[in-house]
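Structure, as structure tokens:
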Amino acid sequence: MSDGNQVTAIVHAKLVTPHSVIDNGVIVVKDGRIAECGSHKEIAVPEDAFIIDAEGQYAGPGFIDIHCHGGGGHWAWEEPYLFALSHLKHGTTGILPTLFYNQSRENMLEGVRNVVQMEKQPFSSAIVGMHLEGPYINPKYGAITSPIRPPDPDEYHALLELAGDRIKVWTLAPELPGQEEFAEAAAKYDIALSVGHSEADAETIFSFVRYGLQIGCHCTNASGTTPSPSRYGGTREVGVDEAVLVHDDIYAEVIPDANGIHVRPLMCKLIYKTKGTDKVIIITDGMDTAGLPSEPGDPFEDVNYVEGLGLSGSRLTMDRAVRNMMRHTGAGIVDAFIMASLNPAKVLKLDKEMGSLEKGKRANIVIVTGDIEVKQVMLEGKLYKEG
Ligand SMILES: [Zn+2]
């Protein structure tokens, strides 16, 4: 068995690197890290290695999901460990439990505490931080509005003190009063700020880049289409999405569900074409229902649809999201892994540790078919098996 201490070799794999696919590649794993990786012609398989035969399928870096609220019947802030495992089996080896704007002050603190104080368990290192989506967002663009609140220094200082740089992403609406002070406080912990549930104008958004704003939260969902008032009647303003699309240093998050309900396929294409491979991040925005079986052929198969509330996040796991993104945009597998692993690793400043198959990085690896069906998942050199 591969227990993480022994040398393991993945053979007969098509290796997905950030530059190309290497046919018949080999990955040698030692002490939980990638020791060697490349063509079978160049890499010798150690004699005593535990062999994993990829049988000609693709091996790529494990997916990293920076925006996900739940999965497998669990909410991320209540049962972060079970939540992470439910996504790990779908190839997500790095995940940010994402707390919601629909939480009261007490629940927010408790949720963050649950994640921070989580005990180390097998495979719990798939949790690489957390994302707070709100609560300082614009109530006009939240599905549930009551707990949304203006920036509250007492609250955010308490959250920052509790979690510090464990908070990797924080979504905010820059147009709210008091937001600059908040952004300045968050910047001390090197948190990637994300503009979302907002109707800020482009100039306001750009002025937050110096505080670390570098993400457009689920691009083309829950963002104001034009800041009001528009300067001239009948003209198109630069809204949040356009501002995100046009700024070179801002990544666009995308939720690619199968039927283009969150982001229609044409819009996926537009975002991909405008931002390019290097600035798109595939996310799930998964709810507690993510990864649970759904009716085949149901147009809402990937969507969390709540009666009376409408669209409320997704049921996606990263394998499905990546497959959908490839179908909607025509992106190839190299680009798909950049958008689902390398880019999120960069935004979390974890790209020295994960995000690509490279010597020295953690052995977080997925073996998938060309249609992104997950065959094997490895986290820090250990194969994940359910149960
Ligand atoms: Zn969300």
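Chains: A, B, ... in order of the structure tokens. Residues: from 1 per chain. Ligands: from 1, in order shown.
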
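Residue-level DSSP output for segment 148-241 of chain A, from the backbone, shows strand (DSSP E) at Ile167, Lys168, Val169, Trp170, Thr171, Leu172, Ala192, Leu193, Ser194, Val195, Leu213, Gln214, Ile215 and Gly216 of chain A.
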
Give me, as a Markdown table, each residue of chain A that comes within 10 Å of ligand 1, together with its shortest interatomic pair and the distance in Å at one decimal, counting only C-alpha atoms and all ligand atoms, with rows ordered by chain and rising residue number.
| residue | atom | partner | partner_atom_place_in_ligand_line | distance |
| --- | --- | --- | --- | --- |
| A:Ile66 | CA | ligand 1 | 1 (Zn) | 9.9 |
| A:His67 | CA | ligand 1 | 1 (Zn) | 6.2 |
| A:Cys68 | CA | ligand 1 | 1 (Zn) | 6.5 |
| A:His69 | CA | ligand 1 | 1 (Zn) | 6.6 |
| A:Gly70 | CA | ligand 1 | 1 (Zn) | 9.9 |
| A:Thr98 | CA | ligand 1 | 1 (Zn) | 7.2 |
| A:Leu99 | CA | ligand 1 | 1 (Zn) | 8.1 |
| A:Phe100 | CA | ligand 1 | 1 (Zn) | 6.7 |
| A:Tyr101 | CA | ligand 1 | 1 (Zn) | 8.7 |
| A:His131 | CA | ligand 1 | 1 (Zn) | 9.4 |
| A:Leu132 | CA | ligand 1 | 1 (Zn) | 9.1 |
| A:Glu133 | CA | ligand 1 | 1 (Zn) | 6.4 |
| A:Gly134 | CA | ligand 1 | 1 (Zn) | 9.4 |
| A:Gly142 | CA | ligand 1 | 1 (Zn) | 9.9 |
| A:Thr171 | CA | ligand 1 | 1 (Zn) | 9.3 |
| A:Gly196 | CA | ligand 1 | 1 (Zn) | 9.4 |
| A:His197 | CA | ligand 1 | 1 (Zn) | 9.7 |
| A:Cys217 | CA | ligand 1 | 1 (Zn) | 8.1 |
| A:His218 | CA | ligand 1 | 1 (Zn) | 7.6 |
| A:Asn221 | CA | ligand 1 | 1 (Zn) | 9.8 |
| A:Ala222 | CA | ligand 1 | 1 (Zn) | 9.9 |
| A:Ile255 | CA | ligand 1 | 1 (Zn) | 9.8 |
| A:Ile283 | CA | ligand 1 | 1 (Zn) | 9.3 |
| A:Thr284 | CA | ligand 1 | 1 (Zn) | 8.5 |
| A:Asp285 | CA | ligand 1 | 1 (Zn) | 4.8 |
| A:Gly286 | CA | ligand 1 | 1 (Zn) | 7.5 |
| A:Met287 | CA | ligand 1 | 1 (Zn) | 8.3 |
| A:Ser312 | CA | ligand 1 | 1 (Zn) | 8.4 |
| A:Gly313 | CA | ligand 1 | 1 (Zn) | 6.3 |
| A:Ser314 | CA | ligand 1 | 1 (Zn) | 8.9 |

Exercise. What separation in Å, quoted to one decimal, exists between atom CA of Ile261 of chain A and atom CA of Asn304 of chain A?
Worked result: 10.5 Å

For this session: Could you give me, as a count of residues only, each residue of segment 209-256 of chain A that DSSP assigns to helix (DSSP H, G or I) when run on this structure's backbone?
Result: 10

Problem set entry | Residue neighbourhood segment 349-359 of chain A, 9 Å, only C-alpha atoms, exclusion window fewer than 3 positions, as a PyMOL selection string | chain A and resi 15-18+27+33-37+59-64+94+128+168+337-338+340-346+362-365

Problem set entry | Spatial neighbours of Lys120 of chain A, max dist 10 Å, only C-alpha atoms, sep filter under 4 positions, as a list in words | Tyr81, Ser124 and Ser125 of chain A

For this session: Kindly indicate which residue among A:Glu380, A:Asp302, A:Glu79, A:Asp319 lies nearest to Thr92 of chain A, using only C-alpha atoms for the distances.
Result: A:Asp319
